[in-house]
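Working notes, beginning with the structure itself.
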Amino acid sequence: MSALVVLKREVRASARLWLVVAVAFFTAFQLLQLALLIVRFQAFPNYLTLHDWPANIARIARMTPSVADMIPIMFDEWLVEVGSINYSFGRGIAEWSFVLIPGKAVIALGIAALVATNFVLLRAAWKTCGILARLGSPVATGAGALVASAAATTITWVVCCAAPTWVVSLAVMGVGVTTALALQPFGGWLLLLGLSTLVTSAILLLRQLSGRRSRDATIPMMLTPIARAPS
């Protein structure tokens, strides 16, 4: 039995569970970023801004002559901003914020879908596969989700105002600002590593499941007596 057939069957059999896990992971990922900021800075958000994302995208497309420049700018365009403003400086300055970026949200949805797929496959493999698959796959799934999510975070901090949002998350979690900035060029590689780990884990689980199902289907055929023609 092919791995693709097994994947379709397992996801369809647990479609509701798959959807719940995907939605829960995506929602928790966003809320955890906001919670991290609240705990780190010991302050609740005091402003919320809804940006006109469609108009901004149209403006970027109209005013950016190079497509190579246009795509990255669109990818980082903000939709919702929730954060804390310090009014000690004139009209105030945004010290930190959580930002919902549609481009990064698509990546987060992809991570959530892979996590949900691995969860469904792990659930099926728990009863049928060997101990190595049952123990190794959850570790690989968790590690892949952690690395990919870290590279897809969308938080800002005035101390790292010019840095990518995932670098800011490292600084907020306690990594030295200099060290965090030194890791800036590796953001894409970290995201690719996390996604590759999740995909590899799913593929290995599918191979285990498809191989086991094929053996289970072969055994009854081998045990079935062969009818002989009457002499």
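Just so we're on the same page: first chain in the structure tokens is A, next is B, and so on; residues restart at 1 for each chain, and ligands are numbered from 1 in the order they show up.
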For region 22-27 of chain A, please output as a compact mmCIF listing (two decimals) with N, CA and C atoms, in the first residue's frame all residues within 12 Å (counting only C-alpha atoms; exclusion window: fewer than 3 positions along the same chain).
# COMPACT_ATOMS: atom_id res chain seq x y z
N ALA A 15 -10.41 13.31 10.37
CA ALA A 15 -10.49 14.67 9.84
C ALA A 15 -10.82 15.70 10.92
N ARG A 16 -11.75 15.36 11.80
CA ARG A 16 -12.13 16.30 12.85
C ARG A 16 -10.98 16.53 13.82
N LEU A 17 -10.28 15.46 14.19
CA LEU A 17 -9.13 15.58 15.08
C LEU A 17 -8.03 16.39 14.41
N TRP A 18 -7.79 16.14 13.14
CA TRP A 18 -6.77 16.89 12.38
C TRP A 18 -7.08 18.38 12.40
N LEU A 19 -8.33 18.72 12.16
CA LEU A 19 -8.72 20.13 12.13
C LEU A 19 -8.58 20.78 13.49
N GLN A 30 -0.10 32.00 18.26
CA GLN A 30 -0.27 33.45 18.30
C GLN A 30 -0.41 33.96 19.73
N LEU A 31 -1.22 33.27 20.53
CA LEU A 31 -1.45 33.70 21.91
C LEU A 31 -0.20 33.59 22.78
N LEU A 32 0.60 32.56 22.52
CA LEU A 32 1.83 32.39 23.29
C LEU A 32 2.83 33.51 23.04
N GLN A 33 2.85 34.04 21.84
CA GLN A 33 3.74 35.16 21.55
C GLN A 33 3.33 36.39 22.36
N LEU A 34 2.02 36.65 22.39
CA LEU A 34 1.53 37.79 23.18
C LEU A 34 1.77 37.55 24.67
N LEU A 100 0.27 40.50 13.78
CA LEU A 100 -0.25 39.45 12.90
C LEU A 100 0.06 39.84 11.46
N LYS A 104 3.42 35.69 7.28
CA LYS A 104 3.92 34.78 8.31
C LYS A 104 2.80 33.86 8.81
N ALA A 105 1.56 34.36 8.78
CA ALA A 105 0.43 33.53 9.22
C ALA A 105 0.26 32.32 8.31
N VAL A 106 0.53 32.51 7.02
CA VAL A 106 0.46 31.38 6.08
C VAL A 106 1.49 30.31 6.45
N ILE A 107 2.69 30.76 6.81
CA ILE A 107 3.72 29.81 7.25
C ILE A 107 3.29 29.10 8.52
N ALA A 108 2.72 29.86 9.47
CA ALA A 108 2.24 29.26 10.71
C ALA A 108 1.15 28.24 10.45
N LEU A 109 0.27 28.52 9.48
CA LEU A 109 -0.77 27.55 9.11
C LEU A 109 -0.14 26.30 8.51
N GLY A 110 0.91 26.46 7.72
CA GLY A 110 1.61 25.31 7.17
C GLY A 110 2.23 24.45 8.26
N ILE A 111 2.84 25.11 9.25
CA ILE A 111 3.41 24.38 10.39
C ILE A 111 2.31 23.65 11.15
N ALA A 112 1.18 24.34 11.37
CA ALA A 112 0.05 23.72 12.08
C ALA A 112 -0.47 22.51 11.33
N ALA A 113 -0.55 22.60 9.99
CA ALA A 113 -1.03 21.47 9.20
C ALA A 113 -0.07 20.28 9.31
N LEU A 114 1.22 20.54 9.28
CA LEU A 114 2.20 19.45 9.41
C LEU A 114 2.15 18.83 10.80
N VAL A 115 2.00 19.67 11.82
CA VAL A 115 1.89 19.14 13.19
C VAL A 115 0.65 18.27 13.33
N ALA A 116 -0.47 18.73 12.78
CA ALA A 116 -1.71 17.96 12.84
C ALA A 116 -1.57 16.64 12.10
N THR A 117 -0.92 16.67 10.94
CA THR A 117 -0.70 15.45 10.17
C THR A 117 0.16 14.46 10.94
N ASN A 118 1.24 14.96 11.54
CA ASN A 118 2.11 14.09 12.34
C ASN A 118 1.36 13.54 13.54
N PHE A 119 0.50 14.35 14.14
CA PHE A 119 -0.26 13.90 15.31
C PHE A 119 -1.18 12.75 14.94
N VAL A 120 -1.88 12.90 13.81
CA VAL A 120 -2.79 11.84 13.35
C VAL A 120 -2.01 10.57 13.03
N GLY A 142 8.13 17.36 17.69
CA GLY A 142 8.25 18.48 18.63
C GLY A 142 9.42 19.39 18.29
N ALA A 145 8.60 21.37 15.07
CA ALA A 145 7.61 22.42 15.34
C ALA A 145 8.25 23.57 16.11
N LEU A 146 9.12 23.27 17.07
CA LEU A 146 9.76 24.31 17.87
C LEU A 146 10.67 25.19 17.02
N SER A 149 8.58 27.18 14.38
CA SER A 149 7.80 28.23 15.03
C SER A 149 8.68 29.39 15.49
N ALA A 152 9.26 31.70 12.80
CA ALA A 152 8.06 32.34 12.24
C ALA A 152 7.39 33.29 13.23
N THR A 153 8.05 33.61 14.33
CA THR A 153 7.47 34.51 15.32
C THR A 153 7.36 35.92 14.76
Please provide as a compact mmCIF listing (two decimals) with all heavy atoms, in the first residue's frame all residues within 9 Å of Gly83 (chain A), with the sequence filter that same-chain residues fewer than 6 positions apart are discarded (counting only C-alpha atoms).
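Written file, around_14.txt:
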# COMPACT_ATOMS: atom_id res chain seq x y z
N LEU A 34 2.02 36.65 22.39
CA LEU A 34 1.53 37.79 23.18
C LEU A 34 1.77 37.55 24.67
O LEU A 34 2.19 38.47 25.40
CB LEU A 34 0.05 38.00 22.91
CG LEU A 34 -0.60 39.20 23.59
CD1 LEU A 34 0.11 40.49 23.22
CD2 LEU A 34 -2.09 39.27 23.23
N LEU A 37 5.38 38.26 25.66
CA LEU A 37 5.66 39.69 25.82
C LEU A 37 5.12 40.22 27.13
O LEU A 37 5.78 41.02 27.82
CB LEU A 37 5.05 40.46 24.64
CG LEU A 37 5.72 40.25 23.29
CD1 LEU A 37 4.85 40.78 22.16
CD2 LEU A 37 7.09 40.90 23.25
N PHE A 44 0.50 44.80 30.46
CA PHE A 44 -0.52 44.37 29.51
C PHE A 44 -0.54 45.33 28.32
O PHE A 44 -0.13 46.50 28.44
CB PHE A 44 -1.89 44.33 30.18
CG PHE A 44 -2.06 43.19 31.13
CD1 PHE A 44 -1.91 43.39 32.50
CD2 PHE A 44 -2.37 41.92 30.66
CE1 PHE A 44 -2.07 42.33 33.39
CE2 PHE A 44 -2.53 40.86 31.54
CZ PHE A 44 -2.38 41.06 32.90
N PRO A 45 -1.01 44.88 27.17
CA PRO A 45 -1.11 45.77 26.01
C PRO A 45 -2.05 46.94 26.29
O PRO A 45 -3.04 46.79 27.00
CB PRO A 45 -1.68 44.85 24.91
CG PRO A 45 -1.41 43.46 25.37
CD PRO A 45 -1.44 43.50 26.86
N ASN A 46 -1.72 48.10 25.75
CA ASN A 46 -2.59 49.26 25.93
C ASN A 46 -3.00 49.88 24.60
O ASN A 46 -3.53 50.99 24.56
CB ASN A 46 -1.93 50.31 26.82
CG ASN A 46 -0.58 50.77 26.27
OD1 ASN A 46 -0.22 50.49 25.13
ND2 ASN A 46 0.16 51.49 27.10
N TYR A 47 -2.74 49.18 23.49
CA TYR A 47 -3.25 49.67 22.20
C TYR A 47 -3.41 48.51 21.23
O TYR A 47 -2.77 47.46 21.35
CB TYR A 47 -2.32 50.73 21.61
CG TYR A 47 -1.09 50.19 20.91
CD1 TYR A 47 -1.08 49.96 19.53
CD2 TYR A 47 0.08 49.91 21.62
CE1 TYR A 47 0.05 49.47 18.89
CE2 TYR A 47 1.20 49.43 20.99
CZ TYR A 47 1.19 49.21 19.62
OH TYR A 47 2.31 48.72 19.00
N LEU A 48 -4.32 48.70 20.30
CA LEU A 48 -4.56 47.74 19.23
C LEU A 48 -4.79 48.53 17.95
O LEU A 48 -5.60 49.45 17.91
CB LEU A 48 -5.77 46.85 19.53
CG LEU A 48 -6.07 45.72 18.53
CD1 LEU A 48 -6.76 44.56 19.24
CD2 LEU A 48 -6.97 46.20 17.38
N THR A 49 -4.06 48.16 16.90
CA THR A 49 -4.16 48.85 15.62
C THR A 49 -4.48 47.86 14.52
O THR A 49 -3.79 46.84 14.39
CB THR A 49 -2.86 49.59 15.28
OG1 THR A 49 -2.54 50.50 16.32
CG2 THR A 49 -2.99 50.33 13.97
N ALA A 94 6.07 52.94 20.98
CA ALA A 94 5.68 51.54 21.13
C ALA A 94 6.90 50.74 21.59
O ALA A 94 7.85 50.55 20.82
CB ALA A 94 5.15 50.99 19.81
N GLU A 95 6.86 50.28 22.84
CA GLU A 95 8.00 49.54 23.37
C GLU A 95 8.05 48.12 22.84
O GLU A 95 9.11 47.59 22.53
CB GLU A 95 7.95 49.54 24.90
CG GLU A 95 8.18 50.90 25.53
CD GLU A 95 8.31 50.80 27.03
OE1 GLU A 95 7.57 50.00 27.65
OE2 GLU A 95 9.15 51.53 27.59
N TRP A 96 6.89 47.47 22.77
CA TRP A 96 6.83 46.10 22.25
C TRP A 96 5.45 45.85 21.66
O TRP A 96 4.49 46.54 21.98
CB TRP A 96 7.14 45.08 23.34
CG TRP A 96 6.26 45.17 24.57
CD1 TRP A 96 6.55 45.80 25.73
CD2 TRP A 96 4.95 44.60 24.75
NE1 TRP A 96 5.50 45.68 26.63
CE2 TRP A 96 4.51 44.94 26.06
CE3 TRP A 96 4.11 43.84 23.95
CZ2 TRP A 96 3.28 44.55 26.56
CZ3 TRP A 96 2.87 43.44 24.44
CH2 TRP A 96 2.47 43.79 25.74
N SER A 97 5.39 44.87 20.80
CA SER A 97 4.10 44.55 20.18
C SER A 97 4.12 43.14 19.59
O SER A 97 5.18 42.62 19.23
CB SER A 97 3.75 45.56 19.08
OG SER A 97 4.68 45.47 18.02
N PHE A 98 2.96 42.55 19.52
CA PHE A 98 2.74 41.33 18.75
C PHE A 98 2.04 41.74 17.47
O PHE A 98 1.08 42.52 17.50
CB PHE A 98 1.88 40.33 19.52
CG PHE A 98 1.24 39.31 18.62
CD1 PHE A 98 2.00 38.32 18.03
CD2 PHE A 98 -0.12 39.35 18.35
CE1 PHE A 98 1.42 37.38 17.18
CE2 PHE A 98 -0.72 38.42 17.51
CZ PHE A 98 0.06 37.43 16.92
N VAL A 99 2.49 41.22 16.36
CA VAL A 99 1.97 41.63 15.06
C VAL A 99 1.48 40.39 14.31
O VAL A 99 2.18 39.38 14.23
CB VAL A 99 3.06 42.33 14.22
CG1 VAL A 99 2.46 42.82 12.91
CG2 VAL A 99 3.68 43.48 14.99
N THR A 156 7.79 42.48 18.10
CA THR A 156 8.74 43.59 17.95
C THR A 156 9.12 44.13 19.32
O THR A 156 8.35 44.01 20.29
CB THR A 156 8.14 44.73 17.11
OG1 THR A 156 7.09 45.38 17.85
CG2 THR A 156 7.59 44.22 15.79
(Q) Using DSSP secondary structure from the backbone, list all helix (DSSP H, G or I) positions within region 50-211 of chain A, as a VMD selection string. (A) chain A and resid 53 to 63 67 to 75 102 to 128 131 to 150 158 to 160 165 to 172 177 to 182 184 to 211
Q) Got a sec: who's within 10 Å of Val168 (chain A), counting only C-alpha atoms, leaving out chain neighbours fewer than 5 positions off, as a PyMOL selection string? A) chain A and resi 96+153-163+173+175+177+180-181+184
Can you write just those residues out, N, CA and C atoms, as a short mmCIF file (atom, residue, chain, number, x, y, z; two decimals), in the first residue's frame?
data_model
loop_
_atom_site.label_atom_id
_atom_site.label_comp_id
_atom_site.auth_asym_id
_atom_site.auth_seq_id
_atom_site.Cartn_x
_atom_site.Cartn_y
_atom_site.Cartn_z
N TRP A 96 6.89 47.47 22.77
CA TRP A 96 6.83 46.10 22.25
C TRP A 96 5.45 45.85 21.66
N THR A 153 8.05 33.61 14.33
CA THR A 153 7.47 34.51 15.32
C THR A 153 7.36 35.92 14.76
N THR A 154 6.41 36.67 15.30
CA THR A 154 6.14 38.03 14.79
C THR A 154 5.95 39.00 15.95
N ILE A 155 7.02 39.28 16.67
CA ILE A 155 6.97 40.24 17.77
C ILE A 155 8.04 41.30 17.55
N THR A 156 7.79 42.48 18.10
CA THR A 156 8.74 43.59 17.95
C THR A 156 9.12 44.13 19.32
N TRP A 157 10.29 44.74 19.39
CA TRP A 157 10.79 45.36 20.62
C TRP A 157 11.65 46.54 20.20
N VAL A 158 11.47 47.66 20.86
CA VAL A 158 12.16 48.88 20.46
C VAL A 158 13.68 48.72 20.52
N VAL A 159 14.18 47.85 21.38
CA VAL A 159 15.63 47.63 21.48
C VAL A 159 16.18 47.03 20.20
N CYS A 160 15.36 46.21 19.51
CA CYS A 160 15.78 45.56 18.26
C CYS A 160 14.88 46.05 17.13
N CYS A 161 14.76 47.34 16.98
CA CYS A 161 13.75 47.90 16.08
C CYS A 161 14.00 47.57 14.62
N ALA A 162 15.24 47.32 14.22
CA ALA A 162 15.54 47.06 12.81
C ALA A 162 15.77 45.59 12.52
N ALA A 163 15.58 44.74 13.50
CA ALA A 163 15.85 43.31 13.32
C ALA A 163 14.61 42.56 12.91
N MET A 173 13.38 36.48 24.84
CA MET A 173 13.49 35.28 25.67
C MET A 173 14.78 35.22 26.47
N VAL A 175 18.13 35.79 25.15
CA VAL A 175 19.37 35.69 24.40
C VAL A 175 19.96 37.09 24.25
N VAL A 177 21.40 40.47 22.93
CA VAL A 177 21.04 41.18 21.70
C VAL A 177 22.10 40.97 20.63
N ALA A 180 21.74 37.44 19.31
CA ALA A 180 20.53 37.31 18.51
C ALA A 180 20.70 37.95 17.14
N LEU A 181 21.32 39.12 17.09
CA LEU A 181 21.54 39.80 15.82
C LEU A 181 22.53 39.02 14.94
N GLN A 184 20.86 36.48 12.73
CA GLN A 184 19.89 37.01 11.78
C GLN A 184 19.96 36.35 10.39
#
Q | Between CA of Gly194 (chain A) and CA of Ala125 (chain A) - distance in Å to one decimal | A | 21.6 Å
**Q.** Backbone DSSP call of strand (DSSP E) for region 70-183 of chain A, listed as a list of chain:residue names
**A.**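 In region 70-183 of chain A, DSSP puts these residues in strand (DSSP E): A:Val80, A:Glu81, A:Val82, A:Gly83, A:Ser84, A:Ile85, A:Asn86, A:Ile93, A:Ala94, A:Glu95, A:Trp96, A:Ser97, A:Phe98, A:Val99, A:Leu100, A:Ile155, A:Thr156, A:Trp157.
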Residues as selected, C-alpha atoms, written as a JSON list (two decimals), in the first residue's frame, can you do that?
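So out_21.json came out as:
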[["chain", "number", "residue", "atom", "x", "y", "z"],
["A", 80, "VAL", "CA", -3.04, 43.60, 13.29],
["A", 81, "GLU", "CA", -0.76, 45.11, 15.92],
["A", 82, "VAL", "CA", -1.20, 44.66, 19.67],
["A", 83, "GLY", "CA", 1.33, 46.16, 22.05],
["A", 84, "SER", "CA", 2.36, 48.57, 24.76],
["A", 85, "ILE", "CA", 3.06, 52.29, 24.30],
["A", 86, "ASN", "CA", 5.21, 54.21, 26.76],
["A", 93, "ILE", "CA", 6.66, 55.15, 21.75],
["A", 94, "ALA", "CA", 5.68, 51.54, 21.13],
["A", 95, "GLU", "CA", 8.00, 49.54, 23.37],
["A", 96, "TRP", "CA", 6.83, 46.10, 22.25],
["A", 97, "SER", "CA", 4.10, 44.55, 20.18],
["A", 98, "PHE", "CA", 2.74, 41.33, 18.75],
["A", 99, "VAL", "CA", 1.97, 41.63, 15.06],
["A", 100, "LEU", "CA", -0.25, 39.45, 12.90],
["A", 155, "ILE", "CA", 6.97, 40.24, 17.77],
["A", 156, "THR", "CA", 8.74, 43.59, 17.95],
["A", 157, "TRP", "CA", 10.79, 45.36, 20.62]]
(Q) Give me, as a list in words, all polymer residues having an atom no more than 12 Å from Pro185 (chain A), counting only C-alpha atoms and skipping those fewer than 4 positions away in the same chain. (A)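 Those residues are Ala151, Ala163, Pro164, Trp166, Val167, Thr179, Ala180, Leu181, Trp189, Leu190 and Leu191 of chain A.
Take CA of Leu204 (chain A) and CA of Val139 (chain A): the distance between them is 13.0 Å.
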Q. What is the distance between CA of Pro102 (chain A) and CA of Phe41 (chain A), in Å to one decimal?
A.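 Separation between CA of Pro102 (chain A) and CA of Phe41 (chain A): 25.6 Å.
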Q | Best match for closeness to Arg207 (chain A) among A:Leu121, A:Asp76, A:Gly90, A:Ala68, counting only C-alpha atoms | A |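 Of all the options, A:Leu121 lies closest to Arg207 (chain A).
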